[in-house]
Each structure stands twice: as C-alpha cells, then as structure tokens.
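Asks: Quick one: this structure, given as structure tokens, is what I'll be asking you about.
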Amino acid sequence: MDISYILNELGEDRDEYFRAVSPPIVQTSNFAFKTVDDLRKAFENEYGGWLYSRGLNPTVEILRKKLAALDGAEDCLVFNSGAAAIFASVLANVKTGDHIVSVKDPYTWARKMFDEILPRFGITVTYIDGRLIENFENAIQPNTRIIYLESPNSWMFDLQDLTAVAKLARSKNIVTICDNSYCTPLYQKPYELGIDLVLQSATKYISGHSDVVAGVLSGSSKQIERIFNSEYNNIGSGIQPFNAWLLIRGLRTLPARLERITRTTQLVIDFLLSHPRVEEVIFPLHPSFPQYALAKTQMKGGCGLLTFTIRTQSCETIEKFCNSLKHILMAVSWGGHESLIIPKCAGLQRADFNPELALHRSFRLYVGLEEPEYIMADLKQAFDVINDLS
Ligand SMILES: *Cc1c(COP(=O)(O)O)cnc(C)c1O
C-alpha cells in the first residue's frame with residue numbers, strides 16, 4: 001500500500017464528518033442503540049461495532065487502520081503505552097508451566113515482567129545473546145511458547161536475524177514477538193519477515209512531539225481479535241481518543257521527520273568520530289557496527305538513536321559534560337522533536353563507576369529535529385568544558 005495513501009487517506013471517511021480534513025476526536029465513553037436487537041448484536045460481537053470506548057472507538061479506528069497498514073499486518077491494537085502492548089502480547093500467549101526465550105537486554109519493563117511477574121504464575125524465561133541463531137536453537141525447550149525479540153535493542157543495538165528466528169519458531173509452533181520501537185515500521189517490517197506479533201512504543205517516533213504515551217501491537221486478524229476479546233479489554237489500557245488523534249497528527253509528518261533525523265544523525269556521527277575525546281560510536285547503520293551487514297538487509301534506516309563512548313577516568317567528567325549541555329536535554333525517551341542525552345553513569349552509584357568498562361563511559365544520544373549545527377555546537381562546547389579533565 002502506498003505510504004502517502006496510508007498516512008493521508010486510509011481509514012478516513014470524510015463524508016462521515018462534514019468533509020473536515022482533520023478527523024474528529026470522538027470523545028465518548030459509550031454508544032447508543034436504536035433497538036434491543038442492535039444492542040444484542042453488539043453484545044454478541046464487541047469487535048464488530050461501537051459499544052464502549054474501552055473497546056472500539058471511531059477516532060482510534062482511523063489510527064488502527066493506518067498503523068496496521070504501516071506494519072504490513074492484518075490488524076493492530078493501540079494501547080495507552082508501549083509497556084501495555086508488551087504485557088498484552090506476552091500474557092495472551094502463555095499459561096502456567098510455559099517457557100519463554102528472550103533476548104538478553106529487552107526493554108526495562110519487559111524484563112521486569114519476565115523477572116518479577118511471570119514467575120509468580122510458574123512461567124520461566126531464558127535470556128540469550130540473540131545475535132547468534134544457535135543460541136535460540138539451544139535455548140528452546142519442549143514447553144517454549146514465546147520467543148521475545150527486540151531488534152535493535154537500546155544502548156548496544158544488538159540485532160537478531162528476524163527471518164531466521166521466525167523460520168525456526170514456526171517450525172516449532174512458537175509465537176514470535178518483536179519490539180520494533182527503534183526502527184519504526186517505516187524502516188523495518190518484522191511482520192513481513194515472518195514475526196507473528198510486532199509492537200512498538202508509539203510514544204517515540206509515531207507521536208514525534210513528546211506529548212503522548214502510547215503503544216502499538218500488530219499481527220494477524222486472528223491473534224489481534226483474540227487479544228482484543230481478552231487482554232486488551234481486560235487490562236483496559238486502550239488508547240484514549242484524544243491521544244489517538246495526536247498520533248494521527250504525528251503520522252502525517254513521520255516520513256519527513258525520519259528523513260531529516262537520519263540525515264542529521266549521519267552528520268552528528270561524523271562529528272563525534274572526529275572528536276579526539278570520543279572512543280567509539282555505536283550505530284547499527286555505520287560500517288563499523290559488527291552486525292552492519294545484517295542491519296543493511298533487514299533495516300531501511302536507523303533514525304536518530306546512537307551510543308557514544310568517551311575517553312575518561314572519572315564519572316565527574318561525564319557528569320560535567322552532561323551538565324554543561326545548553327540545548328540537548330537530559331531526559332528519557334526519544335523520537336520527539338528535541339535532542340536528548342542520558343549518560344550510562346546516571347544508572348550507577350558513583351562508587352560503582354568503573355572506567356575500565358566502556359559501557360560506563362557511554363552516552364545514549366537521540367538526535368532530534370534541530371539544525372545539525374545547533375546540536376553539534378552544543379556537543380562541542382560541552383567537550384571544551386571537559387577539555388582539561390582526565
Ligand atoms: C519506550 C520503549 C518501550 C515502552 O514504551 P512506553 O510507551 O514508554 O510504555 C518499549 N520498548 C522500547 C524499546 C522503548 O524504547
């Protein structure tokens with residue numbers, strides 16, 4: 001399907017709402033029926049029409065059609081957070097006694113679910129280095145029900161060969177779930193590579209303006225309808241109409257934003273690599289990346305998230321660098337208009353900082369929509385501040 005058609009027309013029946021170009025926010029909790037028989041039919045099949053906005057809502061429906069099409073999937077559900085999409089996708093496919101194989105550093109709240117919630121229900125998880133297909137083969141047990149992927153993941157950007165993992169899982173009737181937040185469906189389409197359920201935090205690039213928390217889960221009609229009738233309605237964390245409308249607005253400019261961010265990121269990477277203080281830049285679509293060949297085959301782009309490491313002996317130098325930035329904001333998340341940075345040491349006690357470990361000397365940088373020179377000048381002046389520090 002044509003991307004311009006998806007973003008500008010799909011799901012939008014303007015004859016239904018005064019030919020308004022921007023769709024209405026149908027801010028209602030419930031829908032009224034003219035006859036008892038109509039109400040009966042809605043009770044029988046909530047997935048078939050408007051009944052109650054915890055389930056389906058017309059504004060959310062427009063968004064769902066667009067997001068499913070972008071993923072190349074049959075259907076999708078939109079949640080009030082990416083974490084809720086993760087939770088529903090996993091919960092819908094396990095029962096007591098089951099086993100999950102997960103990549104070793106999934107998103108924080110996926111990991112918490114695996115480590116703290118699922119064990120209470122007798123579900124076990126094996127973490128593996130997902131860069132090698134043999135590790136999946138070796139970790140699968142007779143009771144493995146899910147393979148959980150995130151490609152690339154945050155910080156190190158480890159990739160999994162999605163086609164190979166999907167093929168292996170299919171041969172053993174295992175459901176594959178992939179967190180695609182890094183690439184967005186514009187730059188990677190795991191569903192088309194054979195992954196069963198694809199999710200992303202729409203908080204990031206889909207919103208694009210750092211003003212919405214949301215998540216998307218895409219898959220086959222069968223899986224998605226099943227999840228709608230159980231986890232989605234039961235957890236009750238579906239997206240609200242106003243936030244859905246903001247995401248539709250974000251989608252209009254998604255390709256333009258990603259293009260711009262991709263171009264600026266290249267310039268920022270070149271700047272960082274040319275700076276004597278920088279030891280390494282980690283970015284999946286840079287030729288120095290160990291899995292560059294795989295990245296090129298399954299990703300169309302890398303967008304704006306990268307990790308860089310500096311030469312230093314001390315945590316204080318890293319703190320001084322970050323505290324000196326004038327425009328790049330220190331904050332979690334990414335995908336918005338604004339450039340962001342997090343030093344790894346913010347997650348450590350100062351006493352535990354070990355300069356021998358490159359990871360401790362690293363920063364996660366998100367390149368936003370500012371002028372490239374504005375971002376690079378900010379980094380440069382912060383490097384100047386730490387120039388004389390070890
Ligand atoms: C942010 C993020 C999530 C969680 O999404 P929320 O919308 O914050 O709940 C999941 N996975 C990845 C990779 C993320 O970066």
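Following the order of the structure tokens, chains are lettered A, B, ..., residues in each are numbered from 1, and ligands are numbered from 1.
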Give the residues close to ligand 1, within 8 Å, counting only C-alpha atoms and all ligand atoms; write them as a list in words.

Replies: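 I would give the residues around ligand 1 as Asn80, Ser81, Gly82, Ala83, Ala84, Ala85, Ile86, Pro106, Tyr107, Thr108, Trp109, Ala110, Glu150, Asn153, Ser154, Asp179, Asn180, Ser181, Tyr182, Gln200, Ser201, Ala202, Thr203, Lys204, Val213, Ala214, Gly215, Ser333 and Trp334 of chain A.
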
Asks: Include N, CA, C and O atoms and write out the residues we just selected as a short mmCIF file (atom, residue, chain, number, x, y, z; two decimals), in the first residue's frame.

Replies:
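After the write, selection24.cif holds the following:
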data_model
loop_
_atom_site.label_atom_id
_atom_site.label_comp_id
_atom_site.auth_asym_id
_atom_site.auth_seq_id
_atom_site.Cartn_x
_atom_site.Cartn_y
_atom_site.Cartn_z
N ASN A 80 -2.44 2.34 25.65
CA ASN A 80 -2.10 3.60 26.31
C ASN A 80 -0.62 3.69 26.68
O ASN A 80 -0.18 4.67 27.26
N SER A 81 0.15 2.66 26.33
CA SER A 81 1.61 2.72 26.45
C SER A 81 2.22 1.55 25.70
O SER A 81 1.53 0.55 25.43
N GLY A 82 3.50 1.68 25.39
CA GLY A 82 4.21 0.56 24.78
C GLY A 82 4.30 -0.60 25.76
O GLY A 82 4.21 -1.77 25.38
N ALA A 83 4.47 -0.27 27.04
CA ALA A 83 4.57 -1.31 28.06
C ALA A 83 3.29 -2.16 28.10
O ALA A 83 3.36 -3.38 28.28
N ALA A 84 2.14 -1.53 27.93
CA ALA A 84 0.87 -2.27 27.92
C ALA A 84 0.79 -3.20 26.71
O ALA A 84 0.28 -4.32 26.80
N ALA A 85 1.32 -2.75 25.59
CA ALA A 85 1.34 -3.60 24.38
C ALA A 85 2.24 -4.82 24.62
O ALA A 85 1.90 -5.95 24.23
N ILE A 86 3.38 -4.59 25.28
CA ILE A 86 4.27 -5.70 25.60
C ILE A 86 3.56 -6.71 26.51
O ILE A 86 3.53 -7.91 26.25
N PRO A 106 16.19 -6.92 26.98
CA PRO A 106 14.99 -6.31 26.42
C PRO A 106 14.68 -5.02 27.17
O PRO A 106 15.32 -4.72 28.19
N TYR A 107 13.71 -4.28 26.69
CA TYR A 107 13.27 -3.05 27.35
C TYR A 107 13.00 -3.31 28.84
O TYR A 107 12.48 -4.37 29.21
N THR A 108 13.37 -2.35 29.69
CA THR A 108 13.30 -2.48 31.15
C THR A 108 12.02 -3.14 31.66
O THR A 108 12.08 -4.06 32.48
N TRP A 109 10.86 -2.68 31.18
CA TRP A 109 9.62 -3.19 31.74
C TRP A 109 9.23 -4.54 31.15
O TRP A 109 8.44 -5.27 31.76
N ALA A 110 9.80 -4.92 30.03
CA ALA A 110 9.64 -6.29 29.54
C ALA A 110 10.41 -7.20 30.49
O ALA A 110 9.92 -8.23 30.95
N GLU A 150 13.94 -7.99 20.39
CA GLU A 150 13.97 -6.52 20.29
C GLU A 150 15.17 -6.22 19.39
O GLU A 150 16.31 -6.43 19.77
N ASN A 153 18.16 -3.42 19.99
CA ASN A 153 17.77 -3.00 21.34
C ASN A 153 18.43 -1.67 21.66
O ASN A 153 19.21 -1.14 20.86
N SER A 154 18.10 -1.14 22.80
CA SER A 154 18.61 0.17 23.19
C SER A 154 20.05 0.04 23.69
O SER A 154 20.44 -1.01 24.17
N ASP A 179 9.86 -6.29 19.49
CA ASP A 179 9.78 -4.86 19.80
C ASP A 179 10.51 -4.11 18.68
O ASP A 179 11.72 -4.24 18.53
N ASN A 180 9.75 -3.32 17.93
CA ASN A 180 10.29 -2.62 16.76
C ASN A 180 10.37 -1.11 16.99
O ASN A 180 10.35 -0.33 16.04
N SER A 181 10.47 -0.70 18.25
CA SER A 181 10.44 0.73 18.57
C SER A 181 11.58 1.51 17.92
O SER A 181 11.42 2.66 17.54
N TYR A 182 12.74 0.88 17.83
CA TYR A 182 13.92 1.60 17.32
C TYR A 182 13.74 2.06 15.88
O TYR A 182 14.04 3.20 15.54
N GLN A 200 5.48 -1.67 19.10
CA GLN A 200 6.37 -0.52 19.20
C GLN A 200 5.79 0.46 20.21
O GLN A 200 4.58 0.51 20.42
N SER A 201 6.68 1.21 20.82
CA SER A 201 6.25 2.32 21.65
C SER A 201 5.94 3.48 20.70
O SER A 201 6.85 4.04 20.09
N ALA A 202 4.66 3.84 20.58
CA ALA A 202 4.28 4.97 19.72
C ALA A 202 4.61 6.30 20.38
O ALA A 202 4.50 7.36 19.76
N THR A 203 5.02 6.21 21.65
CA THR A 203 5.50 7.39 22.38
C THR A 203 6.68 8.03 21.65
O THR A 203 6.89 9.23 21.75
N LYS A 204 7.42 7.20 20.94
CA LYS A 204 8.67 7.65 20.34
C LYS A 204 8.39 8.36 19.00
O LYS A 204 7.92 9.46 19.00
N VAL A 213 1.93 9.19 25.47
CA VAL A 213 2.46 7.85 25.75
C VAL A 213 1.50 6.86 25.13
O VAL A 213 0.29 6.93 25.36
N ALA A 214 2.02 5.95 24.28
CA ALA A 214 1.15 5.00 23.58
C ALA A 214 1.95 3.84 23.02
O ALA A 214 3.17 3.92 22.90
N GLY A 215 1.24 2.75 22.69
CA GLY A 215 1.91 1.58 22.12
C GLY A 215 1.06 0.89 21.08
O GLY A 215 -0.17 1.00 21.11
N SER A 333 13.36 8.59 27.09
CA SER A 333 12.55 8.54 25.87
C SER A 333 13.34 9.09 24.68
O SER A 333 14.53 9.41 24.80
N TRP A 334 12.69 9.16 23.52
CA TRP A 334 13.30 9.63 22.28
C TRP A 334 12.23 9.64 21.20
O TRP A 334 11.09 9.25 21.46
#

Asks: Give me, as a ChimeraX atom specification, the residues of region 55-243 of chain A that a backbone DSSP run labels helix (DSSP H, G or I).

Replies: /A:58-71,82-91,108-121,133-139,162-171,184-187,190-193,221-236,241-243

Asks: Write out as a ChimeraX atom specification which residues come within 12 Å of Arg277 (chain A) when counting only C-alpha atoms, dropping same-chain ones fewer than 3 positions away.

Replies: /A:271-274,280-281,308-313,317-318,321,361-362,379-380,382-390

Asks: Of the candidates A:Asn233, A:Gln298, A:Ser221, A:Asn8, which one gets nearest to Leu186 (chain A) if we count only C-alpha atoms?

Replies: A:Gln298

Asks: Would you mind telling me which residue in A:Leu67, A:Ala358, A:Ile100, A:Leu329 lies nearest to Glu279 (chain A) when using only C-alpha atoms?

Replies: A:Ala358

Asks: What's around Thr144 (chain A) at 7 Å? Count only C-alpha atoms, leave out sequence neighbours fewer than 4 positions away in its own chain, and write the answer as a list of chain:residue names.

Replies: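 With the cut-off at 7 Å, the set is A:Asp98, A:His99, A:Ile100, A:Ile140, A:Ile174.
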
Asks: Show me, as JSON, numbers by chain, the residues that have an atom within 10 Å of Glu137 (chain A) when counting only C-alpha atoms, minus same-chain residues fewer than 5 positions from it.

Replies: {"A": [132, 165, 168, 169]}

Asks: Nearest residue to Val198 (chain A) out of A:Ile248, A:Ala139, A:Val90, A:Leu340, using only C-alpha atoms?

Replies: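 Looking only at the distances to Val198 (chain A), the closest residue turns out to be A:Val90.
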
Asks: Write down as a PyMOL selection string the residues belonging to region 48-294 of chain A that are assigned strand (DSSP E or B) by DSSP computed on the backbone.

Replies: chain A and resi 52+75-79+99-103+124-128+144-150+175-179+197-201+215-219+238+278-282

Asks: Looking at only C-alpha atoms, which of A:Tyr148, A:Phe157, A:Phe33, A:Phe363 is the one that sits closest to Cys178 (chain A)?

Replies: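 Of A:Tyr148, A:Phe157, A:Phe33, A:Phe363, the one nearest Cys178 (chain A) is A:Tyr148, counting only C-alpha atoms.
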